[in-house]
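Heads up, the thing below is written out as structure tokens.
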There are 2 protein chains.
Amino acid sequence: MQGTEEPTSQAAAYTPTDRTVPTRSAERAAYDKELVHAILDEAYVCHLGFVRDGAPVVLPTLFGRVGETLYVHGSTGSRPLRMTGRTDPGLPVCLTVTHVDALILARSAFHHSINYRSVVVHGTAYDVTDPEEKRTALDALVDHVVAGRSRDSRPANKKELAATAVIRLDLNEVSAKLRTGGVNDEPEDLALAHWAGVVPLRKGYDAPISDPDLAPGTEVPGYLADL
Amino acid sequence: MQGTEEPTSQAAAYTPTDRTVPTRSAERAAYDKELVHAILDEAYVCHLGFVRDGAPVVLPTLFGRVGETLYVHGSTGSRPLRMTGRTDPGLPVCLTVTHVDALILARSAFHHSINYRSVVVHGTAYDVTDPEEKRTALDALVDHVVAGRSRDSRPANKKELAATAVIRLDLNEVSAKLRTGGVNDEPEDLALAHWAGVVPLRKGYDAPISDPDLAPGTEVPGYLADL
């Protein structure tokens, strides 16, 4: 934008674009970076979309975040990662993360819904070739599963690094979309005898199950208690 | 396939295609229809991918299933649904559903993973124009949120039906992919002092929260106890 000197990465919000302004329910859209980061960091998988032979492909995959960059990894033999490596200008992707928070049961079928928080990232994914960035990305991927875990595991060796492809996607064209709150029935439906309300989804963890071959004396680490 | 008289819809499994056989971890792929249906039915949202102006778009959306057909709905003003309506031969889509069941913490960073169940559907989405099919689809969408709910809510009226676009996607080119079980560390890593194991994700529901404007005497329905 002319006259704007501040780089996007230091702004508090992503700049909306044609692709990130929804055609409807625009009041549910948000561009705040902290909110976007929180939604991304809470998710274990993203859904990565790309185009192959003219048709869309959407695959679930693990990811990690370092500041304003997302990293996705996979086998060097996997399809999307092979495509970025072969494509000089990078691979156009759309990376989406969604949390379902509650079911919304309305009196009318039409107003049934869910409360959700989602983030959609548009951009171009590039192969990570710098060994240092690749290590940083792989640490971020492990720490995305459990914060701090990369320091409590054996780092990838040369063979594993060579077998792992990593792609990067910068957070530039990004939006969040949220529905919160309760039922939005039509005023004339309020007297109907159907129950209406919110059913919250409960999320949590069951007790960790230790691998049967643990080295003697290995205890469940304290950071799992923070989950 | 020549010589095969049995229609796909009555077979117990989807026929693998080039797009549904993974390039790696092929042992995780499955084509059993009952398994695919169960994974789909347990999910509240799918991630719908399509191509717009040559770039991929992945949006989370509610869906419903009637036998071997999935239905997605939205405002007649929403982008993907407008696109199918405008495109005579339909819109190529990829519809993906994923459940994360457990975190897999290995001794090596490389073998960190998650247990998951996913379904990927490739195909062409078509606008539903038949009013009867549209009603069936909308019932399926409501019943997908809570089984049996469509019978306990006010059906869509003419205005609501006109405002709702529905697209259909037949289950033909479909695969499931699953990871189950425990940690797969390298034999030489087993003696390392890092804890390794499985952290199961707990899923459930909190108590329903009644809408403050319920008609007097309206009770929480029994079918919510079955969730």
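Here, A, B, ... name the chains of the structure tokens in the order displayed, residue numbers run from 1 inside each chain, and ligands are numbered from 1 in the same displayed order.
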
To test your reading of the structure, identify every residue in range 31-184 of chain B that backbone DSSP assigns to strand (DSSP E or B), and report it as number ranges by chain. B: 32, 45-52, 55-66, 69-75, 91-105, 108, 113-127, 154, 164-170, 173-179

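Neighbours of range 193-202 of chain B closer than or equal to 8 Å, with only C-alpha atoms counted and sequence neighbours fewer than 5 positions away skipped, come out as Asp152, Ser153, Arg202, Lys203, Gly204, Tyr205, Asp206, Ala207, Pro208, Ile209, Ser210, Asp211, Leu214, Ala215, Thr218, Glu219, Val220 and Pro221 of chain A; Val100, Asp101, Ala102, Leu103, Ile104, Leu105, Ala106, Arg107, Gly182 and Val183 of chain B.
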
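Excluding Arg135 in chain A itself and same-chain residues fewer than 4 positions from it, the residues having an atom within 9 Å of it are Asp130, Pro131, Asp139, Ala140, Pro155, Ala156 and Leu161 of chain A, counting only C-alpha atoms.
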
Output for the residues just chosen: N, CA, C and O atoms as a tab-separated table (two decimals), in the first residue's frame:
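Output saved as result_8.tsv:
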```tsv
chain	number	residue	atom	x	y	z
A	130	ASP	N	17.85	-24.48	3.33
A	130	ASP	CA	18.88	-24.11	4.30
A	130	ASP	C	18.84	-25.07	5.49
A	130	ASP	O	17.80	-25.21	6.14
A	131	PRO	N	19.96	-25.77	5.79
A	131	PRO	CA	19.95	-26.78	6.86
A	131	PRO	C	19.56	-26.20	8.22
A	131	PRO	O	18.86	-26.85	9.00
A	139	ASP	N	12.20	-28.64	14.79
A	139	ASP	CA	11.97	-28.39	16.23
A	139	ASP	C	10.58	-27.81	16.45
A	139	ASP	O	9.86	-28.20	17.38
A	140	ALA	N	10.20	-26.86	15.59
A	140	ALA	CA	8.88	-26.22	15.73
A	140	ALA	C	7.76	-27.23	15.54
A	140	ALA	O	6.73	-27.18	16.22
A	155	PRO	N	17.50	-35.34	18.48
A	155	PRO	CA	17.33	-34.55	17.24
A	155	PRO	C	17.52	-35.44	16.01
A	155	PRO	O	18.15	-36.49	16.09
A	156	ALA	N	16.97	-34.98	14.91
A	156	ALA	CA	17.10	-35.73	13.66
A	156	ALA	C	18.58	-35.87	13.28
A	156	ALA	O	19.36	-34.93	13.42
A	161	LEU	N	17.25	-36.19	8.35
A	161	LEU	CA	17.10	-34.86	7.73
A	161	LEU	C	16.98	-34.98	6.21
A	161	LEU	O	16.17	-34.29	5.58
```

Nearby residues (only C-alpha atoms) at most 12 Å from Lys134 in chain B, same-chain spacing under 5 positions excluded, as an MDAnalysis selection string: chainID B and resid 64 66 70:73 127:129 139:141 155:156 158 160:168

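Proximity of B:Gly90, B:Pro212, B:Gly148, B:Pro56 to chain A, computed with only C-alpha atoms, is greatest for B:Pro56.
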
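Nearest-residue note for chain A: choosing from B:Pro89, B:Gly74, B:Gly67, B:Pro16, the minimum distance belongs to B:Gly74, counting only C-alpha atoms.
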
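From CA of Ala12 in chain A back to CA of Gly123 in chain A, the distance works out to 19.3 Å.
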
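Each of B:Thr96, B:Ser108, B:Ser25, B:Thr17 was checked against Leu59 in chain B using only C-alpha atoms; the smallest atom-to-atom distance is that of B:Thr96.
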
Considering only C-alpha atoms, return as number ranges by chain whatever protein or nucleic-acid residues lie within 10 Å of range 170-177 of chain B, sequence-local ones (same chain, fewer than 4 positions apart) excluded. B: 8-9, 13-22, 25-33, 35-37, 39-40, 65-71, 94-98, 116-126

Residues from the last selection, N, CA and C atoms, saved as a compact mmCIF listing (two decimals), in the first residue's frame:
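selection-v1.txt was written with the following content:
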```txt
# COMPACT_ATOMS: atom_id res chain seq x y z
N THR B 8 -20.71 -49.97 -7.90
CA THR B 8 -19.82 -49.58 -6.80
C THR B 8 -20.60 -49.34 -5.52
N SER B 9 -21.80 -48.78 -5.67
CA SER B 9 -22.53 -48.38 -4.47
C SER B 9 -22.93 -49.57 -3.61
N ALA B 13 -16.41 -51.94 -0.60
CA ALA B 13 -15.24 -51.06 -0.57
C ALA B 13 -15.19 -50.18 -1.81
N TYR B 14 -14.59 -49.02 -1.70
CA TYR B 14 -14.37 -48.14 -2.84
C TYR B 14 -13.18 -48.68 -3.64
N THR B 15 -13.25 -48.51 -4.95
CA THR B 15 -12.17 -48.97 -5.82
C THR B 15 -11.04 -47.95 -5.80
N PRO B 16 -9.84 -48.38 -5.42
CA PRO B 16 -8.71 -47.43 -5.41
C PRO B 16 -8.43 -46.87 -6.80
N THR B 17 -7.99 -45.62 -6.84
CA THR B 17 -7.58 -44.99 -8.08
C THR B 17 -6.19 -44.39 -7.88
N ASP B 18 -5.63 -43.85 -8.97
CA ASP B 18 -4.32 -43.21 -8.86
C ASP B 18 -4.31 -42.15 -7.76
N ARG B 19 -5.45 -41.44 -7.63
CA ARG B 19 -5.48 -40.35 -6.66
C ARG B 19 -5.66 -40.83 -5.22
N THR B 20 -6.22 -42.04 -5.05
CA THR B 20 -6.52 -42.48 -3.69
C THR B 20 -5.54 -43.51 -3.14
N VAL B 21 -4.55 -43.89 -3.95
CA VAL B 21 -3.48 -44.75 -3.42
C VAL B 21 -2.32 -43.83 -3.02
N PRO B 22 -1.99 -43.76 -1.72
CA PRO B 22 -0.94 -42.84 -1.29
C PRO B 22 0.42 -43.26 -1.82
N SER B 25 3.38 -44.73 3.01
CA SER B 25 2.55 -45.26 4.10
C SER B 25 1.27 -45.88 3.55
N ALA B 26 1.43 -46.64 2.44
CA ALA B 26 0.26 -47.22 1.79
C ALA B 26 -0.48 -48.18 2.72
N GLU B 27 0.24 -48.72 3.72
CA GLU B 27 -0.40 -49.66 4.66
C GLU B 27 -1.43 -48.94 5.54
N ARG B 28 -1.38 -47.60 5.56
CA ARG B 28 -2.37 -46.86 6.36
C ARG B 28 -3.65 -46.57 5.59
N ALA B 29 -3.68 -46.86 4.30
CA ALA B 29 -4.85 -46.53 3.49
C ALA B 29 -5.91 -47.62 3.61
N ALA B 30 -7.18 -47.23 3.56
CA ALA B 30 -8.28 -48.18 3.65
C ALA B 30 -9.41 -47.70 2.75
N TYR B 31 -10.19 -48.64 2.24
CA TYR B 31 -11.25 -48.31 1.29
C TYR B 31 -12.60 -48.87 1.70
N ASP B 32 -12.66 -49.47 2.88
CA ASP B 32 -13.88 -50.08 3.38
C ASP B 32 -14.97 -49.02 3.58
N LYS B 33 -16.14 -49.27 3.01
CA LYS B 33 -17.20 -48.25 3.05
C LYS B 33 -17.70 -48.00 4.46
N LEU B 35 -16.13 -48.24 7.25
CA LEU B 35 -15.12 -47.44 7.96
C LEU B 35 -15.17 -45.99 7.51
N VAL B 36 -15.24 -45.79 6.20
CA VAL B 36 -15.31 -44.42 5.65
C VAL B 36 -16.54 -43.70 6.18
N HIS B 37 -17.68 -44.37 6.15
CA HIS B 37 -18.92 -43.74 6.65
C HIS B 37 -18.79 -43.36 8.12
N ILE B 39 -16.08 -42.65 9.86
CA ILE B 39 -15.19 -41.49 10.02
C ILE B 39 -15.91 -40.21 9.61
N LEU B 40 -16.63 -40.26 8.50
CA LEU B 40 -17.37 -39.09 8.04
C LEU B 40 -18.44 -38.69 9.06
N ARG B 65 -24.61 -36.70 5.23
CA ARG B 65 -24.45 -37.87 4.35
C ARG B 65 -25.77 -38.60 4.22
N VAL B 66 -26.13 -38.94 2.99
CA VAL B 66 -27.28 -39.81 2.73
C VAL B 66 -26.75 -40.95 1.87
N GLY B 67 -26.54 -42.10 2.49
CA GLY B 67 -25.99 -43.24 1.75
C GLY B 67 -24.64 -42.91 1.18
N GLU B 68 -24.54 -42.95 -0.15
CA GLU B 68 -23.26 -42.71 -0.82
C GLU B 68 -23.16 -41.30 -1.38
N THR B 69 -23.90 -40.37 -0.80
CA THR B 69 -23.84 -38.97 -1.25
C THR B 69 -23.60 -38.05 -0.06
N LEU B 70 -22.69 -37.11 -0.24
CA LEU B 70 -22.49 -36.06 0.76
C LEU B 70 -23.15 -34.79 0.27
N TYR B 71 -23.68 -34.03 1.24
CA TYR B 71 -24.29 -32.73 0.91
C TYR B 71 -23.61 -31.64 1.72
N CYS B 94 -12.32 -31.42 -3.50
CA CYS B 94 -11.73 -32.46 -2.65
C CYS B 94 -12.24 -32.18 -1.24
N LEU B 95 -12.92 -33.15 -0.67
CA LEU B 95 -13.54 -32.97 0.65
C LEU B 95 -12.84 -33.89 1.64
N THR B 96 -12.31 -33.29 2.71
CA THR B 96 -11.47 -34.06 3.64
C THR B 96 -11.95 -33.89 5.07
N VAL B 97 -11.93 -35.00 5.81
CA VAL B 97 -12.36 -35.03 7.21
C VAL B 97 -11.25 -35.71 8.01
N THR B 98 -10.91 -35.15 9.16
CA THR B 98 -9.82 -35.71 9.96
C THR B 98 -10.17 -35.71 11.44
N TYR B 116 -4.48 -40.78 13.96
CA TYR B 116 -5.54 -40.04 13.30
C TYR B 116 -6.37 -40.98 12.43
N ARG B 117 -7.53 -40.50 12.06
CA ARG B 117 -8.37 -41.17 11.06
C ARG B 117 -8.86 -40.10 10.11
N SER B 118 -8.60 -40.26 8.83
CA SER B 118 -9.03 -39.24 7.87
C SER B 118 -9.71 -39.90 6.68
N VAL B 119 -10.54 -39.12 6.02
CA VAL B 119 -11.17 -39.55 4.76
C VAL B 119 -10.98 -38.43 3.75
N VAL B 120 -10.57 -38.80 2.55
CA VAL B 120 -10.43 -37.85 1.45
C VAL B 120 -11.35 -38.28 0.32
N VAL B 121 -12.20 -37.37 -0.13
CA VAL B 121 -13.14 -37.64 -1.22
C VAL B 121 -12.79 -36.74 -2.40
N HIS B 122 -12.48 -37.32 -3.54
CA HIS B 122 -12.28 -36.55 -4.77
C HIS B 122 -13.54 -36.66 -5.61
N GLY B 123 -13.88 -35.58 -6.29
CA GLY B 123 -15.04 -35.69 -7.17
C GLY B 123 -15.50 -34.36 -7.69
N THR B 124 -16.69 -34.37 -8.24
CA THR B 124 -17.28 -33.16 -8.80
C THR B 124 -18.56 -32.86 -8.05
N ALA B 125 -18.68 -31.62 -7.58
CA ALA B 125 -19.87 -31.22 -6.83
C ALA B 125 -20.87 -30.57 -7.78
N TYR B 126 -22.14 -30.95 -7.59
CA TYR B 126 -23.21 -30.41 -8.44
C TYR B 126 -24.25 -29.72 -7.57
```

Where does DSSP see helix (DSSP H, G or I) in range 153-202 of chain A, if you list the residues as a VMD selection string? chain A and resid 158 to 163 187 to 189

Please produce a file of those selected residues containing C-alpha atoms, as a compact mmCIF listing (two decimals), in the first residue's frame.
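Saved the output as out_22.txt:
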```
# COMPACT_ATOMS: atom_id res chain seq x y z
CA LYS A 158 21.73 -36.69 8.80
CA LYS A 159 19.83 -39.60 7.30
CA GLU A 160 16.52 -38.46 8.81
CA LEU A 161 17.10 -34.86 7.73
CA ALA A 162 17.75 -36.03 4.18
CA ALA A 163 14.54 -38.09 4.19
CA PRO A 187 -38.45 -13.96 16.85
CA GLU A 188 -41.59 -15.72 15.60
CA ASP A 189 -40.04 -19.13 16.41
```

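Relative to CA of Glu132 in chain B, CA of Glu186 in chain A is found at 24.1 Å.
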
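We find CA of Val145 in chain A and CA of Leu178 in chain A to be spaced 23.4 Å apart.
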